[in-house]
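Contents: one structure, followed by commentary.
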Amino acid sequence: MLADNIFLRQFGFNERQRSEFLKLFKEIKYRKNTLILQPPKIERSIKFVKSGCLRTFLPTPTHERNINFHTQGNIVIDIVSFQHHIPSKQYQQTLSDSSLLVLDKNDLEKFLNDNDIGTNLIHGVFENTLACLEEKQREAISLTTEEHYLHLIDKHPEWIKFIPQYHLASFLGISPETLSRIRKRIS
């Protein structure tokens, strides 16, 4: 099981903790283009992608701006909404039929209160999320658009296969036409 591998590897659960923790997950299947979080809902779960692809995006006055994509093994969470129990400002949408392993916040909190490994788990999720955000900021500032696209191809080849070009362009902050020109130039 995906969650089993993630938590054994990252957080060092003992057998009892691992067994109890895995029982907390519910597998939920979503159809393509389903909004699973949207303002003003509050994020009440941590989701792990078992299969499929999702995007996280923010609306702007003129278009939607993709801020992340999530494929197998990735965590999907609006961490600010989840942690501070405030309405989300972002949307989470499936780009394909998807299966998610969902951990409810109340179940998680009870587990954390009953087990001494809880701090490691929460810190691990937050550190992972913050590291990804920091890397994205660094890339956006230090790389040209073409370099950013080449880095994306290298780091996330599955995105190129599954994510429509207009969504990738939005993620890169460019028009689909500009992305087409970059793709032609590097091919």
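Just so we're on the same page: first chain in the structure tokens is A, next is B, and so on; residues restart at 1 for each chain, and ligands are numbered from 1 in the order they show up.
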For Arg65 of chain A, please output as a list of chain:residue names all residues within 9 Å (counting only C-alpha atoms; exclusion window: fewer than 4 positions along the same chain). A:Thr56, A:Phe57, A:Leu58, A:Pro59, A:Thr60, A:His167, A:Ser170, A:Phe171, A:Gly173
Would you save the residues from that selection as a CSV table (one decimal), in the first residue's frame, using C-alpha atoms?
```csv
chain,number,residue,atom,x,y,z
A,56,THR,CA,-4.0,23.0,-7.2
A,57,PHE,CA,-4.8,26.4,-8.6
A,58,LEU,CA,-5.8,29.9,-7.7
A,59,PRO,CA,-8.2,32.1,-9.6
A,60,THR,CA,-7.0,35.5,-10.8
A,167,HIS,CA,-2.2,23.7,-17.6
A,170,SER,CA,-0.2,28.3,-16.5
A,171,PHE,CA,2.1,26.6,-14.0
A,173,GLY,CA,3.3,31.6,-15.8
```
Report the distance between atom CA of Leu100 of chain A and atom CA of Pro157 of chain A in Å, rounded to one decimal place. 21.0 Å
When DSSP is applied to the backbone of this structure, which of segment 2-186 of chain A are assigned helix (DSSP H, G or I)? Write them out as a PyMOL selection string. chain A and resi 2-11+15-23+79-84+105-114+118-142+145-155+157-162+165-172+176-186
Residue with smallest distance to Phe82 of chain A - pool A:Ile42, A:Leu112, A:Leu22, A:Ile182, counting only C-alpha atoms: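 Of A:Ile42, A:Leu112, A:Leu22, A:Ile182, the one nearest Phe82 of chain A is A:Ile42, counting only C-alpha atoms.
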List the neighbours of Gly52 of chain A out to 7 Å using only C-alpha atoms; skip same-chain residues closer than 3 positions along the sequence, and give me the result as a PyMOL selection string. chain A and resi 49+71-72+96-99
In Å, with one decimal, what is the gap from atom CA of Ser142 of chain A to atom CA of Thr94 of chain A? 29.9 Å
Figure out the distance between atom CA of Glu134 of chain A and atom CA of Asn106 of chain A, please, to one decimal in Å.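 Rounded to one decimal, the two atoms are 28.5 Å apart.
Restricting the calculation to only C-alpha atoms, the smallest distance between Phe126 of chain A and any of A:Val80, A:Leu54, A:Leu24, A:Leu37 is found for A:Val80.
Closest to Asn128 of chain A among A:Asn74, A:Leu152, A:Leu108, A:Ile86 is A:Asn74, based on only C-alpha atoms.
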Could you pull the residues within 10 Å of Thr145 of chain A, counting only C-alpha atoms, minus those fewer than 6 positions along the same chain, as a list in words? Glu139, His151, Ala169, Leu172, Gly173, Ile174, Thr178, Leu179 and Ile182 of chain A
